[in-house]
Amino acid sequence: MCGIAGILLAPDAADTNALRAIGPMAMALRHRGPDGEAFWKSREAGIAFGHRRLAIVDLSEAGRQPMHSASGRYVITFNGEIYNFRDLRRELEGEGHHFRGTSDTEVMLCAIESWGLDTALQRFAGMFAFGLWDLKKRILHLARDRMGKKPLYVASTREALVFASELKAITCFPGFNPEVDVDAAATMLSKGWVPDDLCIWQGVFKLPPGSVLSVTAADFANARGAGSLAHRVRRWWSLADVASKAQRDPIAGSDEELTTELDRLLGLAVKERMIADVPLGAFLSGGIDSSTVVALMQAQSRKPVRTFTIAFGESGFDEAPHAAAVARHLGTDHTELHLSPAAALEVIPELPRIWDEPFADESQIPTLLVSRLARQHVTVALSGDGGDECFAGYSRHFLATRLRRQHELPSSFRRMLAAGAGLLAQASHRDIFGSLPLSASVRHGLRGDRLNRLAGLLAARDEDELLRQLTGSSTNSLLHRKPPASLAVAAELDDLLSRLLFDDMTGYLPGDILVKLDRATMANSLEGRCPILDHRVVEFAWRLPTSAKVRNGKGKWILRQLLDRYVPRSLVNRPKQGFDVPVGAWLKGPLRDWATDIIATTRLSGDGIIDCAKVDACWRDHLRGNQDHFRDLWPLLMFQAWRNEAMRPSAPSTHLSYDIELTGD
C-alpha cells in the first residue's frame, strides 16, 4: 500500500522544470507511505513518477518503486496489493521468467510484459491503482481495480496531465487552480459524500473502478480538459456485465452447497489477504461481516489473530461487548479501546484535511480511531466492508422485499400507514419516547429521521419512486441548488433488490464506504484489506438467488449460515447497529461553539449553493430541541469546514531539490 503521483507534460509545455513538482506531490502523500520515497523521470519524454512506500510484501530494496520491468520497457508506480501474486509468479516461472525479489509489483510487471496489459488485469485479484509508462510506445496507462478500493485522481492543466492517490497531491502541481464544482458540492451536501463520478474540484475526475485510461502526450494535447480525458477511459471489468450475466445464469444448489461454496471462496480470499511480511490483524465489531472475516482468519492461523474494537458507550449502540464475546469464542488476541466523547471530538478538526474531498459520514470518526488504535500494533488490518452490499445487509434491502408486497395494498390503506409513521416521527422529535424503558435497537428504529423516511416509502406511488426513495436520492433542505440526477442503474436488472444492490455497489460503496476506509487507514499508515470484496466473491454473490440474501425478514442469510459454522448464533444474532456516533447531541453540547463558528462562515460562501437563512433557522430549531436536524446540518458543517481548510494559503514549496534526485534518462 502506497501513495502514487505522476506528471505527463504536454508536447508544447513551456518548461520541463514542471516535472520537479513530483517532489512536493509525493511529499503530500507521505502518510500513505512512511517507509520511503523514490522518483523516476524522463525529461525527454516529459514524464515523472513519484512513490511513497508503505512496505508490506518484500521489505527489501527489491520491492522499491517506481520499478522497471525486466526488459526495461515498462516502469510502474503502484498502490495496492495483488493477492494472488504467488500463483501468478509460479505460472510465470513455468514460462521461464526469473525474479529478483519477492514483491507483487515485480510479478505485475512480468505479467503485463508477458501477457499484455488487458489480459494481466483480468488475471489480477486485488486492490490497486497504478500508473504504467510504456517506454517503447510512449503511452501512459492509468488503471484502477474492479470495485474501486484504491483511489486515483486525474487532472488536466494547460501544461500537463497529473494523477495521484489523493487530491492534496494534485493541488501541489503549480499549474492547477482549484475551483469548487457546484454539482459535486450540492450532491455532497445531500448525500454526505461526493460520488465516484464527480469530483469537488473542477478539472479533476476519478478514474472509474475497473477501467483504464491510455494516453500519449499528443493525445493529451489534442484532448485537453478532464472531461475530454474521461471520455477516453475504457472498462476492462464491468459490474453491469457481471450483474446481467448472473441473472441469465443463476447458480444452482441446495442451501448447504451454496454455503459451502461461499466458505471456500471467502476462505481463499481471506487466506490471500493474510500474506504480509509485517504484523497483521483485523477490525472486529462483533457484527456478521467482521465476525465472519475474523473467524476465517483464525481458522487458518497458527496463532491468535490480533483484533481491534472501539467502544462508544455514550452512543447507546456500543458493540464492544459483542466483539469481545466473539473474540473470546474464537480465541483472538483482542484489544478494546474505550473512548470518551472528548477524545472523539478531538479528531473532528482533522477530518477536512484527512478526507480532502468534503465527507460527512459520521462513522468516519470511529473508523479513524480504530485505525489509529490498530496501527499501534499492526501494519495491515482486514475488515468486513462489502458484506452489506454483496449480501443485502441494509434496512433498505429488507424493506425492498416487504414494501413491494405492501404496495399491492390499496393506496388509501398505504396512505393511512404513512400518516401513522409520520405521527410517530413527530413524537420522536418531541422526545416523547425519551422516558420509556426501550432498548437501544428500538430507540434506533424510532428515530425521527427513520420514521419520516418510512412514511415516505409507504406513500410512494410506484416501484420507480420506491427505488428513488430507498437509494436516498433526496435533497438537503438547506440548499438553493439541487444536485444533478444520479446515474441510472443497469437497465437489464428487473427486480427491485438487484437494482438496489447495483446502485449500492456503484454508488455508496466506492463513494462512501471505501473512501472512508481508505482515508482512515492511510491517514495512520495502515493498510486495510476487504476479503468480502474479492471479485470472485462479488461475482458469486450476484449469481445467488434472492432467498440466499434476504430470508425471513433478515438480510445476509447465507453469510449468517456460514458464520454459524464458526460462531454460535447467540453471539451475533441481534439487530444491525453500525458505527453510530451521537453527533446530533454533540451539536447541542460540546460541538456547539465549533458549529456556530462554522455556520457563521457560510455567509461568506456567495456561490448560491447554500440557503443561509434556512441554515440559521434550522440551527436555532436544532438547538432548541424542537427537531433533530443532524442529517441536514452535519453535511453542511463538514462541507464548510472542508472549504475553510481548502482556502488556507499553502506554504511555499521547499522541495525543489528533488529534481536532482530523480532517476531516469
# chains A, B, ... in the order shown; residues from 1 in each chain; ligands from 1

call {"tool": "residues_around", "arguments": {"residues": "A:Pro174", "least_positions_apart": "4", "cutoff": "10 Å", "atoms": "only C-alpha atoms", "output": "PyMOL selection string"}}
result
chain A and resi 18+21+157+159+170+653

call {"tool": "write_last_selection", "arguments": {"atoms": "N, CA, C and O atoms", "output": "PDB file, in the first residue's frame"}}
result
ATOM      1  N   ALA A  18       8.581  21.770 -14.823  1.00  0.00           N
ATOM      2  CA  ALA A  18       7.337  21.423 -14.134  1.00  0.00           C
ATOM      3  C   ALA A  18       7.387  20.006 -13.580  1.00  0.00           C
ATOM      4  O   ALA A  18       6.653  19.677 -12.642  1.00  0.00           O
ATOM      5  N   ALA A  21       7.740  19.292  -9.797  1.00  0.00           N
ATOM      6  CA  ALA A  21       6.609  19.281  -8.853  1.00  0.00           C
ATOM      7  C   ALA A  21       6.323  17.892  -8.306  1.00  0.00           C
ATOM      8  O   ALA A  21       5.576  17.749  -7.334  1.00  0.00           O
ATOM      9  N   THR A 157      -4.289  20.218 -16.769  1.00  0.00           N
ATOM     10  CA  THR A 157      -3.990  21.648 -16.796  1.00  0.00           C
ATOM     11  C   THR A 157      -3.499  22.005 -18.196  1.00  0.00           C
ATOM     12  O   THR A 157      -3.368  21.141 -19.064  1.00  0.00           O
ATOM     13  N   GLU A 159      -0.570  22.742 -18.985  1.00  0.00           N
ATOM     14  CA  GLU A 159       0.778  22.229 -19.167  1.00  0.00           C
ATOM     15  C   GLU A 159       0.865  20.706 -19.108  1.00  0.00           C
ATOM     16  O   GLU A 159       1.767  20.118 -19.708  1.00  0.00           O
ATOM     17  N   ILE A 170      -2.540  16.519  -6.004  1.00  0.00           N
ATOM     18  CA  ILE A 170      -2.885  17.238  -7.240  1.00  0.00           C
ATOM     19  C   ILE A 170      -2.718  18.747  -7.042  1.00  0.00           C
ATOM     20  O   ILE A 170      -2.206  19.454  -7.914  1.00  0.00           O
ATOM     21  N   SER A 653       6.667  25.822  -1.457  1.00  0.00           N
ATOM     22  CA  SER A 653       7.334  24.529  -1.613  1.00  0.00           C
ATOM     23  C   SER A 653       8.794  24.629  -1.213  1.00  0.00           C
ATOM     24  O   SER A 653       9.488  25.588  -1.517  1.00  0.00           O
TER      25      SER A 653
END
